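Visitor: One structure, pasted below without further comment.
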Amino acid sequence: MKISDTLFIIPARGGSKGIPRKNIKSLAGKPLIHYSIDYARLFTEDENICLSTDDQEIIECANQINLAVPFVRPLEFSTDTASTFAVLHHAISFYQAQRKYYKYLVLLQPTSPFREGKHLAEAFELMDSESDVTVSVVQEHNNPYFNVFEENQNGFLKISKGDGNYTRRQDCPPVYAFNGSIYIFSISSLLKANSFKDFVNIKKYVMDEKYKVDLDTINDWNYCEYLLQLNNQ
């Protein structure tokens with residue numbers, strides 16, 4: 001399936017504290033950044049794939065599989081405090097300055113490499129003229145109506161949401177967590193937003209929990225290696 005009128009952005013900052021140099025680190029014999037590049041290539045041509053990075057080694061790693069990197073991300077968008085939205089806005093501005101205008105933007109975070117082709121195709125079917133963004137999620141077992149608590153002003157725990165009268169988790173309203181795998185933005189909505197709280201119409205695309213991998217620590221990395229080994233077997 002080819003997707004038109006869409007810019008694919010893969011953000012890959014050089015600095016990484018939890019897993020040093022993780023974007024170019026080999027995961028099951030393949031640099032992590034290559035997983036997201038290969039995934040984007042299932043749906044579009046290279047001219048619509050933007051690897052946004054400040055790091056020369058990451059650029060060279062992308063060049064190894066013949067992906068040209070359109071720019072070096074400015075330092076102001078490459079700090080620990082720089083927001084993803086600022087990174088996306090910068091990339092959109094870069095292309096618009098070249099008179100390239102897209103309707104949608106797909107964000108593929110390298111730290112969530114477990115995706116199948118059907119996932120993006122199915123998620124795109126949810127986008128319509130009223131949608132600001134469609135985001136991949138998993139249903140959470142920890143539920144604020146049932147077993148998630150907050151501390152009150154006296155230092156005692158109380159149920160986080162609702163009146164605490166649910167006695168079975170399956171009776172509670174379902175809750176969802178972003179799994180970091182797929183984000184599809186309406187660019188017109190994205191350009192008006194500085195965070196997710198600025199969106200009104202967010203649609204969910206529910207993925208199986210087995211795809212919930214976010215590479216933040218070395219334990220995450222080792223678990224991901226284990227899962228890939230099982231899959232190859």
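A note on labels: chains of the structure tokens are A, B, ... as shown, every chain counts residues from 1, and ligands are counted from 1 in their shown order.
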Might you pull out every residue within 10 Å of A:Ala121, with only C-alpha atoms counted and same-chain residues fewer than 6 positions away left off, and present them as a PyMOL selection string?
Guide: chain A and resi 1-3+43
Visitor: Give me, as a VMD selection string, the residues of stretch 5-122 of chain A that a backbone DSSP run labels strand (DSSP E or B).
Guide: chain A and resid 6 to 11 26 to 27 30 to 31 49 to 53 72 104 to 107
Visitor: Might you pull out every residue within 9 Å of A:Ile10, with only C-alpha atoms counted and same-chain residues fewer than 5 positions away left off, and present them as JSON, numbers by chain?
Guide: {"A": [33, 36, 37, 40, 49, 50, 51, 52, 53, 106, 107, 108, 109, 110]}
Visitor: Identify, on the basis of only C-alpha atoms, every residue whose closest approach to A:Gly15 does not exceed 9 Å; exclude the query and any residue fewer than 2 positions from it along the same chain; express the result as a list of chain:residue names.
Guide: A:Ala12, A:Arg13, A:Lys17, A:Pro20, A:Arg21, A:Lys22, A:Asp55, A:Ser78, A:Thr79, A:Asp80
Visitor: Using only C-alpha atoms, find the one residue out of A:Ile19, A:Leu42, A:Val206, A:Leu215 that sits nearest to A:Gly117.
Guide: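 Ranked by minimum distance to A:Gly117, first place goes to A:Leu42.
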Visitor: Env of stretch 137-153 of chain A: 8 Å cut, atoms = only C-alpha atoms, seq-sep filter 4 positions within chain, self excluded. Answer as a PDB file with C-alpha atoms, in the first residue's frame.
Guide:
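After the write, around-v3.pdb holds the following:
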ATOM      1  CA  LEU A 157      -4.378   6.999  48.971  1.00  0.00           C
ATOM      2  CA  LYS A 158      -7.678   7.438  47.159  1.00  0.00           C
ATOM      3  CA  ILE A 159      -8.898   6.012  43.864  1.00  0.00           C
ATOM      4  CA  SER A 160      -7.563   8.161  41.035  1.00  0.00           C
ATOM      5  CA  LYS A 161     -10.806   8.478  39.063  1.00  0.00           C
ATOM      6  CA  GLY A 162     -14.468   7.933  39.866  1.00  0.00           C
ATOM      7  CA  ASP A 163     -16.088   7.001  43.156  1.00  0.00           C
ATOM      8  CA  GLY A 164     -14.275   3.683  43.723  1.00  0.00           C
ATOM      9  CA  TYR A 166     -16.202  -0.801  40.819  1.00  0.00           C
ATOM     10  CA  THR A 167     -15.510  -4.266  42.197  1.00  0.00           C
ATOM     11  CA  ARG A 168     -14.327  -5.866  38.942  1.00  0.00           C
ATOM     12  CA  ARG A 169     -11.799  -4.350  36.544  1.00  0.00           C
ATOM     13  CA  CYS A 172     -14.634  -0.257  34.473  1.00  0.00           C
ATOM     14  CA  PRO A 173     -14.521   2.091  31.473  1.00  0.00           C
ATOM     15  CA  PRO A 174     -11.553   1.007  29.318  1.00  0.00           C
ATOM     16  CA  VAL A 175      -8.501   3.246  29.382  1.00  0.00           C
ATOM     17  CA  TYR A 176      -5.686   3.443  26.842  1.00  0.00           C
ATOM     18  CA  ALA A 177      -2.010   4.392  26.759  1.00  0.00           C
ATOM     19  CA  PHE A 178       0.008   5.612  23.789  1.00  0.00           C
ATOM     20  CA  ASN A 179       2.415   2.849  22.764  1.00  0.00           C
ATOM     21  CA  GLY A 180       4.691   5.166  20.761  1.00  0.00           C
ATOM     22  CA  LYS A 204      -7.180   5.749  18.763  1.00  0.00           C
ATOM     23  CA  TYR A 205      -5.806   2.811  16.848  1.00  0.00           C
ATOM     24  CA  VAL A 206      -5.659  -0.135  19.247  1.00  0.00           C
ATOM     25  CA  MET A 207      -2.679  -2.475  18.890  1.00  0.00           C
ATOM     26  CA  ASP A 208      -1.996  -5.763  20.621  1.00  0.00           C
ATOM     27  CA  GLU A 209       0.047  -5.473  23.791  1.00  0.00           C
ATOM     28  CA  LYS A 212       4.232  -2.346  23.251  1.00  0.00           C
TER      29      LYS A 212
END
Visitor: Can you pull out every residue within 9 Å of A:Ile24, counting only C-alpha atoms, but drop anything in the same chain fewer than 2 positions away, and send it as a CSV table (one decimal) with N, CA, C and O atoms, in the first residue's frame?
Guide:
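That gives us result_24.csv:
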chain,number,residue,atom,x,y,z
A,21,ARG,N,23.9,5.9,22.3
A,21,ARG,CA,23.9,5.7,20.8
A,21,ARG,C,22.9,4.7,20.3
A,21,ARG,O,23.2,3.9,19.4
A,22,LYS,N,21.7,4.7,21.0
A,22,LYS,CA,20.8,3.6,20.7
A,22,LYS,C,20.3,3.6,19.2
A,22,LYS,O,20.0,2.6,18.6
A,26,SER,N,23.1,-1.9,17.1
A,26,SER,CA,22.6,-3.0,16.4
A,26,SER,C,21.5,-3.8,17.3
A,26,SER,O,21.8,-4.2,18.4
A,27,LEU,N,20.3,-3.9,16.7
A,27,LEU,CA,19.3,-4.7,17.4
A,27,LEU,C,19.0,-5.9,16.5
A,27,LEU,O,18.5,-5.8,15.4
A,30,LYS,N,20.7,-5.4,13.2
A,30,LYS,CA,20.3,-4.4,12.3
A,30,LYS,C,20.3,-3.1,13.1
A,30,LYS,O,19.7,-3.0,14.2
A,31,PRO,N,20.9,-2.0,12.6
A,31,PRO,CA,20.8,-0.7,13.4
A,31,PRO,C,19.4,-0.3,13.6
A,31,PRO,O,18.5,-0.4,12.8
A,32,LEU,N,19.1,0.2,14.8
A,32,LEU,CA,17.7,0.5,15.2
A,32,LEU,C,17.1,1.4,14.2
A,32,LEU,O,15.9,1.2,13.9
A,33,ILE,N,17.8,2.4,13.8
A,33,ILE,CA,17.2,3.4,12.9
A,33,ILE,C,16.7,2.8,11.6
A,33,ILE,O,15.7,3.3,11.0
A,34,HIS,N,17.3,1.7,11.2
A,34,HIS,CA,16.9,1.1,9.9
A,34,HIS,C,15.5,0.5,10.0
A,34,HIS,O,14.9,0.4,8.9
A,57,GLU,N,26.9,10.6,12.7
A,57,GLU,CA,26.9,9.1,12.7
A,57,GLU,C,25.6,8.5,12.3
A,57,GLU,O,25.5,7.5,11.6
A,58,ILE,N,24.5,9.1,12.8
A,58,ILE,CA,23.2,8.7,12.4
A,58,ILE,C,22.9,8.9,10.9
A,58,ILE,O,22.3,8.1,10.2
A,61,CYS,N,24.7,6.3,9.1
A,61,CYS,CA,24.0,5.0,9.2
A,61,CYS,C,22.8,5.0,8.2
A,61,CYS,O,22.5,3.9,7.6
Visitor: Go ahead and compute the interatomic distance for atom CA of A:Pro11 and atom CA of A:Asn48, in Å to one decimal.
Guide: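 Distance between the two atoms: 14.0 Å.
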Visitor: Nearest residue to A:Pro113 out of A:Lys203, A:Lys192, A:Arg99, A:Lys210, using only C-alpha atoms?
Guide: A:Lys210
Visitor: Write out as a short mmCIF file (atom, residue, chain, number, x, y, z; two decimals) with all heavy atoms, in the first residue's frame the set of residues from stretch 14-119 of chain A that DSSP, computed on the backbone, places in alpha helix (DSSP H).
Guide:
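What follows is the written file part-v7.cif:
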data_model
loop_
_atom_site.label_atom_id
_atom_site.label_comp_id
_atom_site.auth_asym_id
_atom_site.auth_seq_id
_atom_site.Cartn_x
_atom_site.Cartn_y
_atom_site.Cartn_z
N LEU A 32 19.12 0.15 14.83
CA LEU A 32 17.75 0.48 15.23
C LEU A 32 17.07 1.42 14.24
O LEU A 32 15.90 1.23 13.89
CB LEU A 32 17.75 1.10 16.63
CG LEU A 32 16.38 1.51 17.18
CD1 LEU A 32 15.48 0.29 17.35
CD2 LEU A 32 16.54 2.24 18.51
N ILE A 33 17.78 2.42 13.79
CA ILE A 33 17.16 3.42 12.91
C ILE A 33 16.69 2.80 11.60
O ILE A 33 15.73 3.27 10.98
CB ILE A 33 18.15 4.58 12.64
CG1 ILE A 33 17.42 5.77 12.05
CG2 ILE A 33 19.30 4.15 11.75
CD1 ILE A 33 16.52 6.47 13.02
N HIS A 34 17.32 1.70 11.17
CA HIS A 34 16.94 1.06 9.91
C HIS A 34 15.54 0.47 9.96
O HIS A 34 14.87 0.37 8.92
CB HIS A 34 17.95 -0.02 9.54
CG HIS A 34 19.26 0.52 9.07
ND1 HIS A 34 20.27 -0.29 8.55
CD2 HIS A 34 19.76 1.79 9.04
CE1 HIS A 34 21.31 0.46 8.24
NE2 HIS A 34 21.03 1.71 8.53
N TYR A 35 15.09 0.05 11.15
CA TYR A 35 13.75 -0.54 11.26
C TYR A 35 12.68 0.47 10.83
O TYR A 35 11.77 0.14 10.06
CB TYR A 35 13.47 -1.00 12.69
CG TYR A 35 14.18 -2.28 13.08
CD1 TYR A 35 15.46 -2.24 13.60
CD2 TYR A 35 13.57 -3.52 12.92
CE1 TYR A 35 16.12 -3.41 13.96
CE2 TYR A 35 14.22 -4.69 13.28
CZ TYR A 35 15.50 -4.63 13.80
OH TYR A 35 16.15 -5.80 14.14
N SER A 36 12.79 1.70 11.30
CA SER A 36 11.78 2.71 10.95
C SER A 36 11.92 3.19 9.51
O SER A 36 10.92 3.47 8.85
CB SER A 36 11.87 3.90 11.92
OG SER A 36 11.48 3.51 13.21
N ILE A 37 13.15 3.27 9.02
CA ILE A 37 13.35 3.64 7.62
C ILE A 37 12.73 2.59 6.70
O ILE A 37 12.00 2.91 5.76
CB ILE A 37 14.84 3.82 7.31
CG1 ILE A 37 15.41 5.01 8.09
CG2 ILE A 37 15.07 4.01 5.81
CD1 ILE A 37 16.93 5.12 8.01
N ASP A 38 13.02 1.32 6.97
CA ASP A 38 12.46 0.24 6.15
C ASP A 38 10.94 0.24 6.21
O ASP A 38 10.26 -0.06 5.21
CB ASP A 38 13.00 -1.12 6.62
CG ASP A 38 14.47 -1.32 6.29
OD1 ASP A 38 15.00 -0.57 5.43
OD2 ASP A 38 15.10 -2.22 6.88
N TYR A 39 10.40 0.55 7.39
CA TYR A 39 8.93 0.58 7.53
C TYR A 39 8.34 1.69 6.68
O TYR A 39 7.35 1.47 5.97
CB TYR A 39 8.56 0.77 8.99
CG TYR A 39 7.08 0.57 9.27
CD1 TYR A 39 6.53 -0.70 9.32
CD2 TYR A 39 6.24 1.66 9.45
CE1 TYR A 39 5.18 -0.90 9.57
CE2 TYR A 39 4.88 1.48 9.70
CZ TYR A 39 4.36 0.20 9.76
OH TYR A 39 3.01 0.02 9.99
N ALA A 40 8.91 2.88 6.75
CA ALA A 40 8.40 3.99 5.94
C ALA A 40 8.45 3.67 4.45
O ALA A 40 7.56 4.05 3.68
CB ALA A 40 9.20 5.26 6.25
N ARG A 41 9.48 2.96 4.04
CA ARG A 41 9.64 2.63 2.61
C ARG A 41 8.57 1.67 2.11
O ARG A 41 8.40 1.52 0.89
CB ARG A 41 11.04 2.03 2.39
CG ARG A 41 12.13 3.09 2.33
CD ARG A 41 13.52 2.48 2.26
NE ARG A 41 14.51 3.48 1.82
CZ ARG A 41 15.82 3.28 1.83
NH1 ARG A 41 16.31 2.12 2.27
NH2 ARG A 41 16.64 4.23 1.42
N GLN A 56 26.01 13.22 13.01
CA GLN A 56 26.63 12.79 11.76
C GLN A 56 26.67 11.27 11.64
O GLN A 56 26.50 10.71 10.55
CB GLN A 56 28.04 13.37 11.64
CG GLN A 56 28.71 13.13 10.29
CD GLN A 56 27.91 13.71 9.13
OE1 GLN A 56 27.36 14.81 9.23
NE2 GLN A 56 27.86 12.98 8.02
N GLU A 57 26.89 10.57 12.74
CA GLU A 57 26.93 9.10 12.68
C GLU A 57 25.57 8.53 12.31
O GLU A 57 25.49 7.52 11.58
CB GLU A 57 27.40 8.53 14.01
CG GLU A 57 28.89 8.63 14.25
CD GLU A 57 29.33 7.83 15.47
OE1 GLU A 57 29.02 8.25 16.59
OE2 GLU A 57 29.98 6.78 15.29
N ILE A 58 24.51 9.15 12.79
CA ILE A 58 23.16 8.69 12.42
C ILE A 58 22.91 8.94 10.95
O ILE A 58 22.33 8.11 10.24
CB ILE A 58 22.10 9.38 13.31
CG1 ILE A 58 22.24 8.92 14.76
CG2 ILE A 58 20.69 9.08 12.80
CD1 ILE A 58 21.31 9.61 15.73
N ILE A 59 23.36 10.09 10.45
CA ILE A 59 23.24 10.38 9.02
C ILE A 59 23.97 9.33 8.20
O ILE A 59 23.44 8.80 7.21
CB ILE A 59 23.78 11.79 8.72
CG1 ILE A 59 22.89 12.85 9.34
CG2 ILE A 59 23.91 12.01 7.20
CD1 ILE A 59 23.42 14.27 9.24
N GLU A 60 25.19 9.00 8.61
CA GLU A 60 25.97 8.00 7.88
C GLU A 60 25.31 6.63 7.94
O GLU A 60 25.35 5.86 6.96
CB GLU A 60 27.38 7.93 8.46
CG GLU A 60 28.20 9.20 8.18
CD GLU A 60 29.51 9.23 8.94
OE1 GLU A 60 29.81 8.24 9.66
OE2 GLU A 60 30.25 10.23 8.81
N CYS A 61 24.67 6.32 9.07
CA CYS A 61 23.98 5.04 9.21
C CYS A 61 22.80 4.97 8.24
O CYS A 61 22.55 3.92 7.63
CB CYS A 61 23.51 4.87 10.65
SG CYS A 61 22.84 3.23 11.02
N ALA A 62 22.08 6.08 8.07
CA ALA A 62 20.98 6.12 7.11
C ALA A 62 21.51 6.03 5.68
O ALA A 62 20.91 5.36 4.82
CB ALA A 62 20.18 7.40 7.30
N ASN A 63 22.64 6.67 5.42
CA ASN A 63 23.24 6.62 4.08
C ASN A 63 23.64 5.20 3.70
O ASN A 63 23.69 4.87 2.51
CB ASN A 63 24.48 7.52 4.03
CG ASN A 63 24.16 9.00 4.15
OD1 ASN A 63 25.05 9.81 4.44
ND2 ASN A 63 22.91 9.40 3.94
N THR A 84 8.95 17.27 20.86
CA THR A 84 8.73 16.60 19.57
C THR A 84 7.97 17.51 18.62
O THR A 84 8.24 17.53 17.41
CB THR A 84 7.96 15.29 19.79
OG1 THR A 84 8.73 14.42 20.62
CG2 THR A 84 7.67 14.60 18.46
N PHE A 85 7.03 18.29 19.15
CA PHE A 85 6.24 19.18 18.29
C PHE A 85 7.13 20.22 17.63
O PHE A 85 6.94 20.56 16.46
CB PHE A 85 5.13 19.84 19.10
CG PHE A 85 3.91 18.96 19.26
CD1 PHE A 85 3.95 17.84 20.07
CD2 PHE A 85 2.73 19.25 18.60
CE1 PHE A 85 2.85 17.02 20.22
CE2 PHE A 85 1.61 18.44 18.75
CZ PHE A 85 1.67 17.32 19.56
N ALA A 86 8.11 20.74 18.36
CA ALA A 86 9.04 21.71 17.78
C ALA A 86 9.85 21.07 16.65
O ALA A 86 10.09 21.70 15.61
CB ALA A 86 9.97 22.26 18.85
N VAL A 87 10.25 19.82 16.83
CA VAL A 87 10.99 19.09 15.81
C VAL A 87 10.13 18.90 14.56
O VAL A 87 10.59 19.09 13.42
CB VAL A 87 11.45 17.72 16.36
CG1 VAL A 87 12.03 16.85 15.25
CG2 VAL A 87 12.47 17.92 17.47
N LEU A 88 8.87 18.56 14.75
CA LEU A 88 7.96 18.36 13.62
C LEU A 88 7.69 19.67 12.91
O LEU A 88 7.68 19.73 11.66
CB LEU A 88 6.65 17.73 14.10
CG LEU A 88 6.77 16.36 14.79
CD1 LEU A 88 5.40 15.83 15.17
CD2 LEU A 88 7.51 15.36 13.92
N HIS A 89 7.46 20.74 13.65
CA HIS A 89 7.22 22.05 13.04
C HIS A 89 8.43 22.48 12.20
O HIS A 89 8.27 23.04 11.11
CB HIS A 89 6.94 23.10 14.12
CG HIS A 89 5.62 22.93 14.77
ND1 HIS A 89 5.22 23.68 15.86
CD2 HIS A 89 4.57 22.10 14.53
CE1 HIS A 89 4.01 23.32 16.23
NE2 HIS A 89 3.59 22.36 15.44
N HIS A 90 9.62 22.24 12.72
CA HIS A 90 10.83 22.61 11.98
C HIS A 90 10.90 21.87 10.65
O HIS A 90 11.19 22.46 9.59
CB HIS A 90 12.08 22.30 12.81
CG HIS A 90 13.35 22.36 12.02
ND1 HIS A 90 13.96 21.22 11.53
CD2 HIS A 90 14.09 23.41 11.58
CE1 HIS A 90 15.04 21.57 10.84
NE2 HIS A 90 15.14 22.88 10.87
N ALA A 91 10.61 20.57 10.67
CA ALA A 91 10.68 19.77 9.44
C ALA A 91 9.63 20.23 8.43
O ALA A 91 9.92 20.35 7.23
CB ALA A 91 10.49 18.29 9.77
N ILE A 92 8.42 20.48 8.90
CA ILE A 92 7.37 20.95 7.99
C ILE A 92 7.78 22.27 7.34
O ILE A 92 7.61 22.46 6.12
CB ILE A 92 6.03 21.12 8.76
CG1 ILE A 92 5.52 19.77 9.23
CG2 ILE A 92 4.99 21.80 7.87
CD1 ILE A 92 4.37 19.86 10.21
N SER A 93 8.33 23.17 8.13
CA SER A 93 8.77 24.47 7.60
C SER A 93 9.85 24.30 6.55
O SER A 93 9.87 25.02 5.54
CB SER A 93 9.27 25.36 8.73
OG SER A 93 8.24 25.66 9.64
N PHE A 94 10.75 23.34 6.79
CA PHE A 94 11.82 23.08 5.82
C PHE A 94 11.23 22.70 4.46
O PHE A 94 11.65 23.22 3.42
CB PHE A 94 12.73 21.96 6.34
CG PHE A 94 13.75 21.50 5.34
CD1 PHE A 94 14.96 22.16 5.21
CD2 PHE A 94 13.50 20.40 4.53
CE1 PHE A 94 15.91 21.74 4.28
CE2 PHE A 94 14.44 19.97 3.59
CZ PHE A 94 15.64 20.64 3.47
N TYR A 95 10.26 21.79 4.47
CA TYR A 95 9.67 21.34 3.20
C TYR A 95 8.80 22.42 2.57
O TYR A 95 8.79 22.59 1.34
CB TYR A 95 8.89 20.05 3.41
CG TYR A 95 9.80 18.85 3.57
CD1 TYR A 95 10.16 18.40 4.83
CD2 TYR A 95 10.32 18.19 2.47
CE1 TYR A 95 11.01 17.31 4.99
CE2 TYR A 95 11.17 17.11 2.60
CZ TYR A 95 11.52 16.68 3.88
OH TYR A 95 12.37 15.62 4.01
N GLN A 96 8.06 23.15 3.38
CA GLN A 96 7.23 24.21 2.82
C GLN A 96 8.07 25.30 2.17
O GLN A 96 7.64 25.91 1.18
CB GLN A 96 6.31 24.78 3.90
CG GLN A 96 5.22 23.82 4.33
CD GLN A 96 4.24 24.41 5.32
OE1 GLN A 96 4.49 25.45 5.91
NE2 GLN A 96 3.12 23.73 5.52
N ALA A 97 9.26 25.54 2.71
CA ALA A 97 10.16 26.52 2.10
C ALA A 97 10.61 26.07 0.71
O ALA A 97 10.99 26.90 -0.13
CB ALA A 97 11.39 26.73 3.00
N GLY A 117 3.01 -3.97 8.58
CA GLY A 117 2.48 -3.11 7.54
C GLY A 117 1.01 -2.79 7.71
O GLY A 117 0.56 -1.68 7.44
N LYS A 118 0.25 -3.76 8.20
CA LYS A 118 -1.19 -3.55 8.35
C LYS A 118 -1.51 -2.46 9.36
O LYS A 118 -2.55 -1.82 9.28
CB LYS A 118 -1.88 -4.86 8.77
CG LYS A 118 -1.49 -5.32 10.17
CD LYS A 118 -2.29 -6.56 10.59
CE LYS A 118 -1.96 -6.97 12.02
NZ LYS A 118 -2.76 -8.14 12.45
N HIS A 119 -0.62 -2.23 10.31
CA HIS A 119 -0.93 -1.27 11.38
C HIS A 119 -1.13 0.14 10.84
O HIS A 119 -2.12 0.80 11.14
CB HIS A 119 0.17 -1.29 12.43
CG HIS A 119 0.26 -2.57 13.19
ND1 HIS A 119 1.44 -3.11 13.63
CD2 HIS A 119 -0.71 -3.43 13.59
CE1 HIS A 119 1.21 -4.24 14.25
NE2 HIS A 119 -0.09 -4.47 14.24
#
Visitor: Between atom CA of A:Ser16 and atom CA of A:Asn222, what is the spacing in Å?
Guide: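 We find that atom CA of A:Asn222 and atom CA of A:Ser16 lie 16.5 Å from each other.
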Visitor: Give me the residues within 7 Å of A:Ile187 as a ChimeraX atom specification, counting only C-alpha atoms and dropping any in the same chain fewer than 6 places off.
Guide: /A:103-105
Visitor: Rounded to one decimal, what separation in Å do you get between atom CA of A:Lys197 and atom CA of A:Thr81?
Guide: 17.8 Å
Visitor: Please determine, counting only C-alpha atoms, which residue among A:Leu191, A:Ile184, A:Leu230, A:Val69 has the shortest atom-to-atom distance to A:Met127.
Guide: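 Nearest to A:Met127: A:Ile184.
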